[in-house]
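Just model-v1.cif here, mmCIF, C-alpha atoms and all ligand atoms:
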data_model
loop_
_atom_site.label_atom_id
_atom_site.label_comp_id
_atom_site.auth_asym_id
_atom_site.auth_seq_id
_atom_site.Cartn_x
_atom_site.Cartn_y
_atom_site.Cartn_z
CA MET A 1 -21.42 12.38 -1.95
CA MET A 2 -21.40 9.38 -4.32
CA GLN A 3 -18.77 9.70 -7.04
CA LYS A 4 -19.54 9.02 -10.70
CA PRO A 5 -17.93 5.83 -12.10
CA GLN A 6 -15.96 7.93 -14.60
CA SER A 7 -14.33 10.04 -11.88
CA ILE A 8 -13.39 6.88 -9.93
CA LYS A 9 -11.83 5.46 -13.12
CA ASP A 10 -9.95 8.72 -13.75
CA PHE A 11 -8.65 8.56 -10.20
CA THR A 12 -7.45 4.94 -10.66
CA ARG A 13 -5.76 5.84 -13.94
CA LYS A 14 -4.04 8.89 -12.48
CA SER A 15 -2.87 6.94 -9.41
CA PHE A 16 -1.13 4.39 -11.65
CA ASP A 17 0.14 7.10 -14.02
CA ARG A 18 1.95 8.56 -11.01
CA ALA A 19 3.23 5.27 -9.54
CA TYR A 20 6.73 5.83 -10.88
CA LEU A 21 8.29 3.91 -7.96
CA TYR A 22 5.95 0.93 -8.46
CA GLU A 23 8.71 -1.62 -8.82
CA GLU A 24 10.33 -0.64 -5.52
CA PHE A 25 7.16 -0.87 -3.46
CA THR A 26 5.24 -3.89 -4.68
CA PRO A 27 6.77 -7.17 -3.42
CA ILE A 28 3.37 -8.84 -3.02
CA GLN A 29 2.28 -7.91 -6.55
CA LYS A 30 5.57 -9.38 -7.80
CA GLU A 31 4.98 -12.59 -5.84
CA MET A 32 1.45 -12.91 -7.24
CA ALA A 33 2.69 -12.55 -10.83
CA TYR A 34 5.45 -15.09 -10.18
CA LEU A 35 2.95 -17.66 -8.84
CA ILE A 36 0.79 -17.29 -11.94
CA SER A 37 3.81 -17.69 -14.20
CA LEU A 38 4.89 -20.85 -12.30
CA ASN A 39 1.45 -22.36 -12.79
CA LEU A 40 1.40 -21.52 -16.48
CA GLY A 41 4.65 -23.38 -16.95
CA PHE A 42 5.95 -23.70 -20.48
CA GLU A 43 2.65 -24.29 -22.28
CA ARG A 44 1.90 -22.99 -25.75
CA PHE A 45 -1.04 -20.64 -26.44
CA ASP A 46 -1.88 -18.99 -29.73
CA SER A 47 -3.42 -15.71 -28.57
CA VAL A 48 -3.07 -14.15 -25.12
CA LEU A 49 -4.86 -11.20 -23.51
CA GLU A 50 -3.45 -9.62 -20.34
CA ILE A 51 -5.65 -7.27 -18.35
CA GLY A 52 -3.99 -4.44 -16.39
CA SER A 53 -0.49 -5.38 -17.48
CA GLY A 54 1.02 -2.33 -15.75
CA LEU A 55 4.81 -2.37 -15.87
CA GLY A 56 4.68 -6.05 -16.70
CA TYR A 57 5.55 -8.14 -13.65
CA LEU A 58 3.48 -10.92 -15.17
CA THR A 59 4.15 -10.07 -18.84
CA ARG A 60 7.87 -10.31 -18.27
CA SER A 61 7.93 -13.35 -15.97
CA ILE A 62 5.94 -15.86 -18.02
CA ASN A 63 7.65 -18.72 -19.84
CA ILE A 64 4.80 -19.72 -22.15
CA SER A 65 5.11 -19.42 -25.90
CA PHE A 66 2.53 -17.59 -28.02
CA ASN A 67 1.87 -16.01 -31.40
CA ASP A 68 0.07 -12.91 -30.27
CA TYR A 69 0.04 -11.20 -26.85
CA THR A 70 -2.29 -8.23 -26.23
CA CYS A 71 -1.82 -6.02 -23.16
CA ILE A 72 -4.63 -3.69 -22.11
CA ASP A 73 -4.19 -1.08 -19.39
CA ILE A 74 -6.14 2.02 -18.42
CA SER A 75 -2.93 3.96 -17.71
CA ASN A 76 -1.30 5.29 -20.86
CA LYS A 77 1.91 6.24 -19.04
CA THR A 78 2.34 2.78 -17.54
CA LEU A 79 1.67 1.06 -20.85
CA ASN A 80 4.23 3.27 -22.61
CA LYS A 81 6.86 2.21 -20.08
CA LEU A 82 5.98 -1.45 -20.69
CA LYS A 83 6.21 -0.89 -24.46
CA GLU A 84 9.70 0.49 -23.90
CA LYS A 85 10.70 -2.58 -21.84
CA LEU A 86 9.34 -4.94 -24.53
CA LYS A 87 10.54 -3.06 -27.58
CA ASN A 88 11.60 -5.16 -30.57
CA GLN A 89 9.30 -7.97 -29.45
CA ALA A 90 6.88 -8.00 -32.37
CA LYS A 91 4.37 -10.44 -30.89
CA PHE A 92 3.17 -7.89 -28.32
CA ASN A 93 0.48 -5.31 -28.97
CA PHE A 94 -0.93 -2.72 -26.63
CA ILE A 95 -4.32 -1.17 -25.98
CA VAL A 96 -4.86 1.85 -23.75
CA GLY A 97 -8.35 1.35 -22.39
CA ASP A 98 -10.69 0.42 -19.59
CA VAL A 99 -11.34 -3.30 -19.93
CA GLU A 100 -14.72 -2.81 -18.24
CA ASN A 101 -15.85 -0.74 -21.24
CA TYR A 102 -13.75 -2.08 -24.06
CA ASP A 103 -15.25 -3.65 -27.17
CA PHE A 104 -13.02 -6.48 -28.37
CA SER A 105 -15.14 -6.69 -31.55
CA GLY A 106 -15.60 -10.43 -31.59
CA ARG A 107 -11.96 -11.26 -30.88
CA GLN A 108 -11.29 -14.42 -28.87
CA PHE A 109 -8.25 -15.62 -26.93
CA ASP A 110 -6.70 -18.93 -25.87
CA LEU A 111 -5.44 -17.47 -22.61
CA ILE A 112 -6.56 -14.53 -20.49
CA LEU A 113 -4.32 -13.32 -17.68
CA SER A 114 -4.52 -10.71 -14.97
CA SER A 115 -2.43 -10.02 -11.89
CA SER A 116 -3.18 -7.41 -9.17
CA CYS A 117 -5.74 -5.55 -11.27
CA ILE A 118 -9.21 -7.03 -10.88
CA GLN A 119 -9.75 -5.59 -7.37
CA TRP A 120 -9.96 -2.18 -9.09
CA PHE A 121 -12.95 -3.16 -11.21
CA LEU A 122 -16.17 -1.29 -10.51
CA TYR A 123 -18.26 -4.14 -11.97
CA PRO A 124 -16.13 -7.24 -11.32
CA GLU A 125 -18.85 -9.86 -11.82
CA LYS A 126 -20.13 -8.42 -15.09
CA THR A 127 -16.63 -7.73 -16.42
CA LEU A 128 -15.25 -11.17 -15.53
CA LYS A 129 -18.28 -12.86 -17.13
CA ASN A 130 -17.68 -10.81 -20.27
CA LEU A 131 -14.03 -11.87 -20.22
CA ILE A 132 -15.01 -15.54 -19.96
CA ARG A 133 -17.00 -15.02 -23.21
CA LEU A 134 -13.77 -13.93 -24.90
CA LEU A 135 -12.20 -17.35 -24.29
CA LYS A 136 -11.94 -19.84 -27.11
CA LYS A 137 -13.17 -23.38 -26.44
CA GLY A 138 -10.59 -25.05 -24.19
CA GLY A 139 -9.13 -21.65 -23.35
CA GLN A 140 -7.78 -20.75 -19.92
CA ILE A 141 -8.05 -17.82 -17.58
CA HIS A 142 -5.47 -17.25 -14.80
CA LEU A 143 -5.83 -14.48 -12.30
CA GLY A 144 -4.30 -13.02 -9.17
CA VAL A 145 -6.44 -10.61 -7.17
CA PHE A 146 -6.31 -8.94 -3.76
CA ILE A 147 -9.12 -10.10 -1.49
CA GLU A 148 -10.38 -9.63 2.06
CA PRO A 149 -8.86 -9.08 4.66
CA THR A 150 -6.19 -7.04 2.83
CA PHE A 151 -5.60 -3.75 4.68
CA LYS A 152 -8.24 -4.51 7.32
CA GLU A 153 -6.07 -2.31 9.56
CA ILE A 154 -6.52 0.72 7.28
CA GLN A 155 -10.24 0.10 7.18
CA LEU A 156 -10.58 0.07 10.98
CA ALA A 157 -8.23 3.01 11.58
CA SER A 158 -10.14 5.01 8.94
CA ILE A 159 -13.49 4.34 10.55
CA ILE A 160 -12.17 5.41 13.96
CA SER A 161 -10.26 8.50 12.79
CA GLY A 162 -12.25 9.68 9.77
CA PHE A 163 -8.96 9.80 7.84
CA GLY A 164 -8.65 8.01 4.52
CA SER A 165 -10.43 4.86 3.49
CA ARG A 166 -9.77 1.44 2.06
CA LEU A 167 -10.77 0.07 -1.32
CA GLU A 168 -13.71 -2.26 -0.86
CA LEU A 169 -12.52 -5.80 -1.49
CA LYS A 170 -14.32 -9.04 -2.30
CA ASP A 171 -13.61 -12.42 -0.77
CA GLU A 172 -12.30 -15.62 -2.33
CA ASN A 173 -15.78 -17.12 -2.84
CA PHE A 174 -16.98 -14.10 -4.75
CA TYR A 175 -14.37 -14.74 -7.44
CA THR A 176 -14.45 -18.55 -7.50
CA ASN A 177 -18.28 -18.46 -7.88
CA ILE A 178 -17.97 -16.38 -11.04
CA PHE A 179 -15.90 -19.17 -12.57
CA LYS A 180 -18.05 -22.06 -11.33
CA GLU A 181 -19.03 -23.13 -14.87
CA LEU A 182 -15.33 -23.61 -15.71
CA ASP A 183 -12.95 -26.32 -14.46
CA MET A 184 -10.52 -25.15 -11.81
CA ILE A 185 -6.89 -25.94 -12.60
CA TYR A 186 -5.41 -24.65 -9.32
CA LYS A 187 -6.13 -22.21 -6.52
CA TYR A 188 -4.05 -20.65 -3.75
CA VAL A 189 -5.08 -18.18 -1.09
CA CYS A 190 -2.27 -16.39 0.65
CA VAL A 191 -2.46 -14.21 3.77
CA LYS A 192 0.65 -12.44 5.06
CA ARG A 193 1.82 -9.38 6.93
CA LEU A 194 4.38 -6.79 5.97
CA TYR A 195 6.02 -4.76 8.74
CA PHE A 196 6.81 -1.02 8.74
CA GLN A 197 8.52 1.48 11.07
CA SER A 198 5.37 3.58 11.46
CA PRO A 199 1.85 4.04 10.04
CA ALA A 200 3.13 7.02 8.03
CA ASP A 201 5.85 4.82 6.48
CA PHE A 202 3.26 2.23 5.58
CA LEU A 203 1.00 4.86 3.96
CA LYS A 204 3.92 6.18 1.89
CA PHE A 205 4.74 2.64 0.76
CA HIS A 206 1.09 2.00 -0.07
CA LYS A 207 0.77 5.22 -2.08
CA ALA A 208 3.96 4.55 -4.05
CA SER A 209 2.45 1.24 -5.22
CA GLY A 210 -0.21 3.23 -7.07
CA ALA A 211 -2.97 2.20 -4.68
CA ARG A 212 -4.97 4.97 -3.11
CA PHE A 213 -5.61 5.03 0.62
CA THR A 214 -8.20 7.73 0.64
CA ASN A 215 -11.51 8.10 -1.12
CA PHE A 216 -13.21 11.28 -2.25
CA ASP A 217 -15.48 11.71 0.76
CA SER A 218 -12.99 11.39 3.59
CA LEU A 219 -11.26 14.47 4.89
CA CYS A 220 -7.53 14.43 5.30
CA SER A 221 -6.99 16.96 8.09
CA LYS A 222 -3.82 16.80 10.21
CA LYS A 223 -5.90 16.05 13.30
CA ARG A 224 -7.57 13.06 11.66
CA PHE A 225 -4.24 11.83 10.30
CA LYS A 226 -2.75 11.98 13.82
CA LYS A 227 -5.69 10.01 15.21
CA PHE A 228 -5.34 7.48 12.37
CA CYS A 229 -1.64 6.94 13.20
CA GLU A 230 -2.24 6.71 16.95
CA PHE A 231 -5.01 4.15 16.57
CA TYR A 232 -2.97 2.17 14.04
CA LYS A 233 0.07 2.06 16.33
CA GLU A 234 -1.94 1.09 19.39
CA ASN A 235 -3.78 -1.75 17.68
CA PHE A 236 -1.60 -3.13 14.90
CA ALA A 237 1.94 -3.24 16.25
CA HIS A 238 4.35 -6.03 17.02
CA ASN A 239 7.94 -5.66 18.27
CA ASP A 240 7.96 -1.88 17.76
CA LYS A 241 6.77 -2.12 14.17
CA VAL A 242 3.34 -1.78 12.67
CA TYR A 243 1.96 -4.35 10.28
CA ALA A 244 -0.38 -4.47 7.32
CA THR A 245 -2.22 -7.59 6.18
CA TYR A 246 -2.18 -8.62 2.53
CA SER A 247 -4.32 -11.42 1.15
CA TYR A 248 -4.68 -12.61 -2.40
CA LEU A 249 -6.20 -15.33 -4.50
CA VAL A 250 -4.31 -16.87 -7.40
CA ALA A 251 -6.29 -19.29 -9.55
CA GLY A 252 -6.50 -20.80 -13.00
CA PHE A 253 -9.62 -22.08 -14.82
CA THR A 254 -10.28 -23.76 -18.16
CA MET A 255 -13.37 -23.86 -20.41
C1 LIG A 301 -1.42 -2.98 -9.28
S1 LIG A 301 -1.16 -2.69 -10.99
C2 LIG A 301 -0.68 -4.32 -11.50
C3 LIG A 301 0.17 -4.28 -12.73
C4 LIG A 301 0.76 -5.61 -13.16
N1 LIG A 301 -0.26 -6.56 -13.57
C5 LIG A 301 1.62 -6.19 -12.07
O1 LIG A 301 1.38 -7.33 -11.69
O2 LIG A 301 2.52 -5.50 -11.62
C6 LIG A 301 -2.83 -2.60 -11.63
C7 LIG A 301 -2.87 -2.19 -13.09
O3 LIG A 301 -4.22 -2.34 -13.55
C8 LIG A 301 -4.55 -1.22 -14.35
N2 LIG A 301 -6.01 -1.08 -14.34
C9 LIG A 301 -6.82 -0.78 -13.29
N3 LIG A 301 -8.10 -0.77 -13.66
C10 LIG A 301 -8.12 -1.11 -14.99
C11 LIG A 301 -9.15 -1.26 -15.96
N4 LIG A 301 -10.45 -1.08 -15.63
N5 LIG A 301 -8.82 -1.59 -17.22
C12 LIG A 301 -7.51 -1.76 -17.57
N6 LIG A 301 -6.49 -1.63 -16.69
C13 LIG A 301 -6.78 -1.31 -15.42
C14 LIG A 301 -3.78 -0.05 -13.69
O4 LIG A 301 -3.59 1.03 -14.56
C15 LIG A 301 -2.48 -0.72 -13.30
O5 LIG A 301 -1.49 -0.64 -14.30
#
Structure re-expressed in structure tokens:
Amino acid sequence: MMQKPQSIKDFTRKSFDRAYLYEEFTPIQKEMAYLISLNLGFERFDSVLEIGSGLGYLTRSINISFNDYTCIDISNKTLNKLKEKLKNQAKFNFIVGDVENYDFSGRQFDLILSSSCIQWFLYPEKTLKNLIRLLKKGGQIHLGVFIEPTFKEIQLASIISGFGSRLELKDENFYTNIFKELDMIYKYVCVKRLYFQSPADFLKFHKASGARFTNFDSLCSKKRFKKFCEFYKENFAHNDKVYATYSYLVAGFTM
């Protein structure tokens, strides 16, 4: 059964609301944010908008200076934790909302940022094009996003076992095409593997990051789970450990 966009959004929000161990289980997300901050350097921007700021890997690692920094996140709980971390820093303001449906009422920004969030969009092309319209002339947009073949192993093991599923991901060209009217400042594509003791360990790690590994349609019976783990171990193991592939694009563009 097809799920309504609102229930998918509620599921995404709840997953991140519950990701209380996020900072222990997200080394790749941290790396992505760090790469964006390195590329931003020490530039000065008047107004900044960060999409899906979460607990603030990017928000807290950047060295740029600014007058006004707006964080928007769909998860109220996560944003409250970030507020707590940034308290007494008057230049920050926070919006709880879905950026795919948010009306910025004519506001414009010199810099738009997003790290490890865009892959969750239901309408990435439309939303990113809308975000480009929020840029002031000469403004910049810097993003980090998970792309294919991230978690290809989960996808295959799910098809074979009927257990769980993988978020559908876009490839590098999908994103760079959306920005083709802008000038590219830099672009990196990274592919790497993380290793785990077992498929179950990997799934626990994955869940603690706030990402879901099952959709609404797939059944999660013990039998299917066992088949998932067996297939995973047989096909994606090296030196007694199982691996998971991560791939991401980090890029910056200017108007
Ligand atoms: C993987 S976390 C990344 C957080 C942070 N940027 C980082 O690098 O650690 C993704 C964040 O995007 C938020 N998010 C997902 N979909 C969103 C949407 N449509 N609008 C706003 N925030 C969204 C989630 O609530 C979550 O906090």
*Please check which protein, DNA or RNA residues sit within 6 Å of ligand LIG 301 (chain A), counting only C-alpha atoms and all ligand atoms, and write them as an MDAnalysis selection string.*
chainID A and resid 13 16 29 33 51:58 72:75 97:100 115:117 120:121
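Counting from CA of Ile95 in chain A, the distance to CA of Leu82 in chain A is 11.6 Å.
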At a cut-off of 9 Å, can you tabulate as CSV every residue of range 91-209 of chain A near range 220-238 of chain A together with its closest atom pair and the distance in Å to one decimal, using all atoms listed in the file and ordering rows by chain then number?
residue,atom,partner,partner_atom,distance
A:Glu153,CA,A:Phe236,CA,7.0
A:Ile154,CA,A:Tyr232,CA,7.8
A:Leu156,CA,A:Tyr232,CA,8.5
A:Ala157,CA,A:Phe228,CA,5.4
A:Ser158,CA,A:Phe228,CA,6.4
A:Ile159,CA,A:Phe228,CA,8.9
A:Ile160,CA,A:Phe228,CA,7.3
A:Ser161,CA,A:Phe228,CA,5.0
A:Gly162,CA,A:Arg224,CA,6.1
A:Phe163,CA,A:Arg224,CA,5.2
A:Gly164,CA,A:Cys220,CA,6.6
A:Tyr195,CA,A:His238,CA,8.5
A:Ser198,CA,A:Lys233,CA,7.4
A:Pro199,CA,A:Cys229,CA,5.5
A:Ala200,CA,A:Cys229,CA,7.0
*Hey, what's within 10 Å of Leu35 in chain A if we count all atoms listed in the file and toss same-chain stuff fewer than 6 positions away? As a list in words, please?*
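Residues meeting the cut-off are Leu58, Ser61, Ile62, Ser115, Leu143, Gly144, Tyr188, Val250 and Ala251 of chain A.
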*asked:* For a quick check of understanding, using all atoms listed in the file, which of A:Leu134, A:Ile178, A:Ile112, A:Val191 has the smallest distance to Glu148 in chain A?
replied: A:Val191
Find the axis-aligned box for range 181-185 of chain A, covering all its listed atoms and adding 5 Å on each side, and write its centre and edge lengths in Å to one decimal as lines of an AutoDock Vina configuration file.
center_x = -13.0
center_y = -24.7
center_z = -13.8
size_x = 22.1
size_y = 13.2
size_z = 13.9
*One-decimal distance in Å that lies between CA of Thr254 in chain A and CA of Glu172 in chain A*: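 Between CA of Glu172 in chain A and CA of Thr254 in chain A the gap works out to 17.9 Å.
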*Between CA of Met184 in chain A and CA of Pro27 in chain A, distance in Å (one decimal)*: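 Between CA of Met184 in chain A and CA of Pro27 in chain A the gap works out to 26.3 Å.
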*With a distance cut-off of 9 Å and all atoms listed in the file, select the neighbouring residues of Lys170 in chain A, excluding the residue or stretch itself and same-chain residues fewer than 3 positions from it, and output the selection as number ranges by chain.*
A: 119, 146-149, 173-175
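If you measure from each of A:Val96, A:Arg166, A:Cys190, A:Pro124 to Tyr246 in chain A using all atoms listed in the file, the closest one turns out to be A:Cys190.
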Residues around (3.9, -22.8, -20.6), cut-off 8 Å, counting all atoms listed in the file - what are they as a compact mmCIF listing (two decimals) with C-alpha atoms, in the coordinates of the input?
# COMPACT_ATOMS: atom_id res chain seq x y z
CA LEU A 40 1.40 -21.52 -16.48
CA GLY A 41 4.65 -23.38 -16.95
CA PHE A 42 5.95 -23.70 -20.48
CA GLU A 43 2.65 -24.29 -22.28
CA ARG A 44 1.90 -22.99 -25.75
CA PHE A 45 -1.04 -20.64 -26.44
CA ILE A 62 5.94 -15.86 -18.02
CA ASN A 63 7.65 -18.72 -19.84
CA ILE A 64 4.80 -19.72 -22.15
CA SER A 65 5.11 -19.42 -25.90
*Neighbourhood query: residues within 12 Å of (-10.1, -9.6, -27.2), file coordinates, counting all atoms listed in the file; return as a ChimeraX atom specification.*
/A:47-51,68-72,93-95,99,102-113,130-136
*Would you mind telling me which residue in A:Gln6, A:Thr150, A:Asn239, A:Ser15 lies nearest to Thr78 in chain A when using all atoms listed in the file?*
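The closest residue to Thr78 in chain A is A:Ser15.
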